[in-house]
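Trainee: Mind having a look at this structure? Questions to follow.
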Amino acid sequence: MRLISYVCKQFSPEVMKYLCVAEKNDAAKNIAKFLSKGTSNRREGLSKFNKIYEFDCQVRGQQSRMVMTSVSGHLLNYEFSSQYRSWNSCNPVLLLDAPVNKFCPENNIKIKKTLEREIRGCNGLIIWTDCDREGENIGMEVVNVCTEVKRNIVVYRAKFSEITGPSVFRALNNLEEPNKNVSDAVNVRQEIDLRTGAAFTRFQTLRYKNVFPNILSDKLVSYGSCQFPTLGFIVDRYLLVQNFIPENFWKIKMNHKVGDLSTDFNWVRERLFSKEAVMMFLDICKDNPVANVENVENKPKNKWRPLPLDTIEMEKNISRKLKITAKETMKVAEKLYTQGFISYPRTETNIFPKELNLRELVEQQTNDNNWGPFANRILEEYGGPNPRQGKKSDQAHPPIHPTKYAENLQGKEKQVYEFIVRHFLACVSQDAVGHETVVHTDVSSEKFTARGLIIIKRNYLDVYIYEKWNAKEINDYKIGDTFTPTVLEMVEGQTSAPNYMTESELIAIMEKNGIGTDATHAEHIETIKSRDYVTLRDNNYFIPTNLGLGLVEGYNQLEMEISLSKPVLRANFEKDLQLICNGVKRPDEVLNDQITKYKEVYQQVMLKVGLIDRTLAQHLNDTPHEYQEPQFQTNTYRSLMKCPRCGSDINLRDMKNGRGKFIGCSGYPGCKYVIWLTFGYSEIEVLDESCNICGPDVKKLKIKFDQNPFLGEPNPNVLCIGGCDPAVLTALNISLTDNSGANNHSRTEAPSSRPAQNNTSFNNARPNQSVGIPNVRPNQSIIPNPPRPTRVVPPRNLPSSDDTIVCNCNEPAVLLTCQNNGPNNGRQFYKCYCNDPSRKCNFFLWAPEEGHGPEPRASAASAEEEEIKCKCAMMAVTKTVQKEGPNKGKQFYTCPKPMGSSCNFFKWVDEDNAAGGSTSYRGRARGRGRGRGGGANHGNRTLSNQPRAPRKCGICGQEGHTRTRCPNK
DNA sequence: GCAAGGTC
């Protein structure tokens, strides 16, 4: 509560306006209805899924304005960085630790925009999402979106277990803080599910379409941490049935008939697997076939009313008794919940909270024609509701119960609602009461018993029509009675295999093993049906298909310590997630553990994959083709640096039209950060070499310019665009902070000719529209490394008359020879000798040589020979007049930028450059550069005597030196 | 074309 007391001081109490966000539209509607007491005004959100309700309400003792709206489940979703999304982009194993980002899917954008719009007018936020693990995470997504727009807002969490008037007011009067631990656990769960699911799904699909093209060429052979263990349960039962060997058994049957009343007696030995032995016992009995009644037990026997209803029990019972599938049941229950007829249908709790007014709930049902009289009996005859209590609680939702009487429901809604009401009334009523009689008899020392049942009060059975309790009348025996059995004979039987698995059993075993949630069991079952892993026999029993059986058997053949089709991996993961919730384990710790485990599994699978192939081949009855490894794309991009906007990697990427490259964020489309390369180049690549100044995350770029903007520098040049050298950014027209399109035009094309994807998406990117939330691993920062303060290097002027060249470290420079294949091949240059990265000495200087000395400028330079710069210091391009007229065909220099952002520089090619007066900055001819800035600007020696505009330092703007020698660094 | 979890 510390947060709350702190932030409350930030605002004047009379102006509080809260944005309230529920998990779904109907919940928002009902919460608003109760809180506003029916006075809320409705208006439309930007999405049809989130209406907005406005009303006044007391919050923490203050009259406040409430703006109630909703999301629609999760707002964001994890996705791989774009370069990993294509199925042939990489080996699937790389997906286990490839970069992932959270982004807002297209169909949630309007919901997100609604939140962003509404929070601007509010100074508080109250999270009303469901009070479970996922709801906490959804709430945190809302908090992140809203605080990104408006930082200083009060954030509260409303905790409620049902949407009723008392419950929501109780939540409002006991506002809490969001729980970050719980939200973190969900993030880990999401990330691991995506990584493992995608990695193994791609592996299986790509491999088996190749190995069994006749059968699986078009099949999606998916893997999921829940779907595979679910398949495994069905296969286990199937194999149990298939491998079952029946055995014959024999037993003695005894019956006694008195008039019309027939009483069966059970042999205490039940059955024996030896015919001879049973025959022997029967012979003994028949020697003196008189039954002596040794004892008669009379005792009360109750049949217990059901426990309060949780989701699993609801799914199992409705599946078994009403023959409605779990998936359908949940769909119907969800609808009933959103209509306010029942409480939240996803609950693990079977204990009613004390504060829930059960009497009121029973009273709501008293007018029904079918169960109304029973409800009245609870109130009048039983002294009010008396629930049987279970032992489970999820601390979030109460057991499923009716919250409102419904009389006009139809079809399955009616059936499900009726089940929930009858179950509720049953569990708060009384156990059925009966009387049991057990008769013990002796026939020649062999014991036989008979049981009779008299039902005294049916109680809950009157309303819970789904259960039967049959009375069994037997003869009235007394101790000491003797009688001759009507039937005394040997009967033969055979053990039988268990049945294949029913849905009800499957859900039970999933729950027991922690596979899926109460909300998703039904989904996983549907998934394995749709993948053709299992099929339904007689509309009731699950059996695996050849594919499902082959896959599970294949993995089982590997005899791995941890099998993908066994539930242990998921179960252990769930335990770790709970530890994150409890604050015992750190999320990154669990994440890394899981990734390591799955990598080991993947490696083991790869080692013995032939065994899976052969097992699958047997089950599919097909000959496996030799596996051809797909040609995975090799252009998985090397990270250039971290995105200034979202912290993901940004990479040098190919334009879709193949006409160049650009630098884009791997979080696209979540993050649309992009740098267009507006300068001319023939080669560009990201090197392994990191920038000493910007840090290890920032790699250097090697660029071969069409026209080298760095006069005298080698071409190709090795540069850093991480921000350590503003002159580089200026020369390349790159802005790291402004990404609204300052350089958002392609290298050589007008924006309209860019690929459509980039043309629309990237141009629309604005900083506050970021939808990407980076997946920040522990050692990552979401903010790129800022340029470190550059070491101060005092200017060291080289003696102009001295032949010794010294570098910026004041050490003699080393004379090297250019080895590249460019025009400078074989040419000599000076470089820092000490080669100590910590010194950050970038010294470079061409050595004077014959034929490379000062040259007179060509009087009428062609574009090839002369470098002309425009007003924005870009290398001017040569164009030819196309317009009809006297100048048609004449060449001119102009700014390389497209119309609209051009500096409008203009100069005729044949104009006398030497005359001066031009606005251009003239450089050296290609391949004839000298020291940076033409030598003179290095301050060490002049290697060119060409007339030129004075160069200014890219860092401090002063003349007389350049960035490498800047005293103000 | 991948997961599981929300919800419509």
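Chain lettering (A, B, ...) mirrors the order of the structure tokens, residue numbering begins at 1 for each chain separately, and ligand numbering begins at 1 in order of display.
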Which residues of chain B sit at most 6 Å from chain A, using only C-alpha atoms (C1' of nucleotides)? Give each one's shortest atom pair and distance in Å (one decimal place), in chain and ascending residue order, as CSV.
Mentor:
residue,atom,partner,partner_atom,distance
B:DC2,C1',A:Ala198,CA,4.2
B:DA3,C1',A:Gly197,CA,4.7
B:DG6,C1',A:Gly73,CA,4.1
B:DT7,C1',A:Gly73,CA,5.0
Trainee: Near Lys478 (chain A), within 10 Å and counting only C-alpha atoms (C1' of nucleotides), which residues show up once chain neighbours fewer than 5 positions away are dropped, as a ChimeraX atom specification?
Mentor: /A:292-297,439
Trainee: Got a sec: who's within 9 Å of Leu358 (chain A), counting only C-alpha atoms (C1' of nucleotides), leaving out chain neighbours fewer than 6 positions off, as a PyMOL selection string?
Mentor: chain A and resi 352+384-387+428
Trainee: Given the choices A:Ile703, A:Ile509, A:Leu361, A:Cys720, which gets closest to Tyr681 (chain A) if the distance is worked out from only C-alpha atoms?
Mentor: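 Closest to Tyr681 (chain A) of all the choices is A:Ile703.
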Trainee: Go through region 208-425 of chain A and collect every residue that DSSP, computed from the backbone, puts in alpha helix (DSSP H); the answer should be as a PyMOL selection string.
Mentor: chain A and resi 208-211+213-216+227-242+275-287+311-317+326-338+358-363+372-380+411-425
Trainee: Among region 207-404 of chain A, which ones does DSSP place in strand (DSSP E), written as a PyMOL selection string?
Mentor: chain A and resi 248-258+261-267+291-303
Trainee: Would you compute the distance between CA of Ala158 (chain A) and CA of Ile119 (chain A)? Give it in Å to one decimal.
Mentor: 17.4 Å
Trainee: Between CA of Ala291 (chain A) and CA of Thr486 (chain A), what is the spacing in Å?
Mentor: 10.7 Å
Trainee: Skip region 274-286 of chain A itself and residues of its chain fewer than 2 positions away, then list as a list of chain:residue names all residues within 8 Å of it, counting only C-alpha atoms (C1' of nucleotides).
Mentor: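 In the requested format, the answer is A:Phe249, A:Trp250, A:Lys251, A:Ile252, A:Leu272, A:Asn288, A:Pro289, A:Val443, A:Ser444, A:Ser445, A:Glu446, A:Leu488, A:Glu489, A:Met490.
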Trainee: Have a look at A:Lys704, A:Arg570, A:Arg120, A:Lys575 and name the one nearest to DA4 (chain B); count only C-alpha atoms (C1' of nucleotides).
Mentor: A:Arg570
Trainee: So what do you get for CA of Val290 (chain A) versus CA of Phe265 (chain A), distance-wise?
Mentor: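 According to the coordinates, CA of Val290 (chain A) and CA of Phe265 (chain A) are separated by 13.4 Å.
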Trainee: Residues near Leu35 (chain A), anyone? I mean within 7 Å using only C-alpha atoms (C1' of nucleotides), not counting same-chain ones fewer than 2 positions away, as a PDB file with all heavy atoms, in the first residue's frame.
Mentor:
ATOM      1  N   ILE A  31     -19.953  -4.569 -14.220  1.00  0.00           N
ATOM      2  CA  ILE A  31     -19.327  -3.852 -13.098  1.00  0.00           C
ATOM      3  C   ILE A  31     -19.841  -2.415 -13.075  1.00  0.00           C
ATOM      4  O   ILE A  31     -20.190  -1.875 -12.025  1.00  0.00           O
ATOM      5  CB  ILE A  31     -17.785  -3.887 -13.220  1.00  0.00           C
ATOM      6  CG1 ILE A  31     -17.286  -5.324 -13.061  1.00  0.00           C
ATOM      7  CG2 ILE A  31     -17.142  -2.987 -12.172  1.00  0.00           C
ATOM      8  CD1 ILE A  31     -15.840  -5.546 -13.481  1.00  0.00           C
ATOM      9  N   ALA A  32     -19.890  -1.810 -14.274  1.00  0.00           N
ATOM     10  CA  ALA A  32     -20.388  -0.426 -14.359  1.00  0.00           C
ATOM     11  C   ALA A  32     -21.838  -0.344 -13.885  1.00  0.00           C
ATOM     12  O   ALA A  32     -22.234   0.610 -13.210  1.00  0.00           O
ATOM     13  CB  ALA A  32     -20.266   0.075 -15.794  1.00  0.00           C
ATOM     14  N   LYS A  33     -22.593  -1.351 -14.240  1.00  0.00           N
ATOM     15  CA  LYS A  33     -24.019  -1.345 -13.852  1.00  0.00           C
ATOM     16  C   LYS A  33     -24.154  -1.324 -12.330  1.00  0.00           C
ATOM     17  O   LYS A  33     -24.927  -0.538 -11.778  1.00  0.00           O
ATOM     18  CB  LYS A  33     -24.703  -2.594 -14.429  1.00  0.00           C
ATOM     19  CG  LYS A  33     -26.197  -2.640 -14.195  1.00  0.00           C
ATOM     20  CD  LYS A  33     -26.797  -3.901 -14.767  1.00  0.00           C
ATOM     21  CE  LYS A  33     -26.552  -5.062 -13.814  1.00  0.00           C
ATOM     22  NZ  LYS A  33     -27.105  -6.333 -14.284  1.00  0.00           N
ATOM     23  N   LYS A  37     -25.033   1.942 -10.106  1.00  0.00           N
ATOM     24  CA  LYS A  37     -26.427   1.683  -9.722  1.00  0.00           C
ATOM     25  C   LYS A  37     -27.356   1.987 -10.896  1.00  0.00           C
ATOM     26  O   LYS A  37     -28.415   2.596 -10.745  1.00  0.00           O
ATOM     27  CB  LYS A  37     -26.819   2.490  -8.488  1.00  0.00           C
ATOM     28  CG  LYS A  37     -25.934   2.167  -7.270  1.00  0.00           C
ATOM     29  CD  LYS A  37     -26.472   2.796  -6.014  1.00  0.00           C
ATOM     30  CE  LYS A  37     -25.811   2.212  -4.792  1.00  0.00           C
ATOM     31  NZ  LYS A  37     -24.612   2.855  -4.358  1.00  0.00           N
ATOM     32  N   CYS A  57     -18.940   7.927  -8.776  1.00  0.00           N
ATOM     33  CA  CYS A  57     -18.883   6.861  -7.776  1.00  0.00           C
ATOM     34  C   CYS A  57     -17.944   7.285  -6.655  1.00  0.00           C
ATOM     35  O   CYS A  57     -17.003   8.041  -6.893  1.00  0.00           O
ATOM     36  CB  CYS A  57     -18.349   5.615  -8.493  1.00  0.00           C
ATOM     37  SG  CYS A  57     -18.371   4.137  -7.530  1.00  0.00           S
ATOM     38  N   PHE A 169     -18.449  -3.700  -4.986  1.00  0.00           N
ATOM     39  CA  PHE A 169     -18.279  -2.598  -4.022  1.00  0.00           C
ATOM     40  C   PHE A 169     -17.218  -2.974  -2.994  1.00  0.00           C
ATOM     41  O   PHE A 169     -16.440  -2.126  -2.565  1.00  0.00           O
ATOM     42  CB  PHE A 169     -19.611  -2.272  -3.337  1.00  0.00           C
ATOM     43  CG  PHE A 169     -20.424  -1.292  -4.145  1.00  0.00           C
ATOM     44  CD1 PHE A 169     -21.586  -1.692  -4.784  1.00  0.00           C
ATOM     45  CD2 PHE A 169     -20.000   0.023  -4.287  1.00  0.00           C
ATOM     46  CE1 PHE A 169     -22.316  -0.798  -5.549  1.00  0.00           C
ATOM     47  CE2 PHE A 169     -20.735   0.927  -5.048  1.00  0.00           C
ATOM     48  CZ  PHE A 169     -21.901   0.518  -5.683  1.00  0.00           C
TER      49      PHE A 169
END
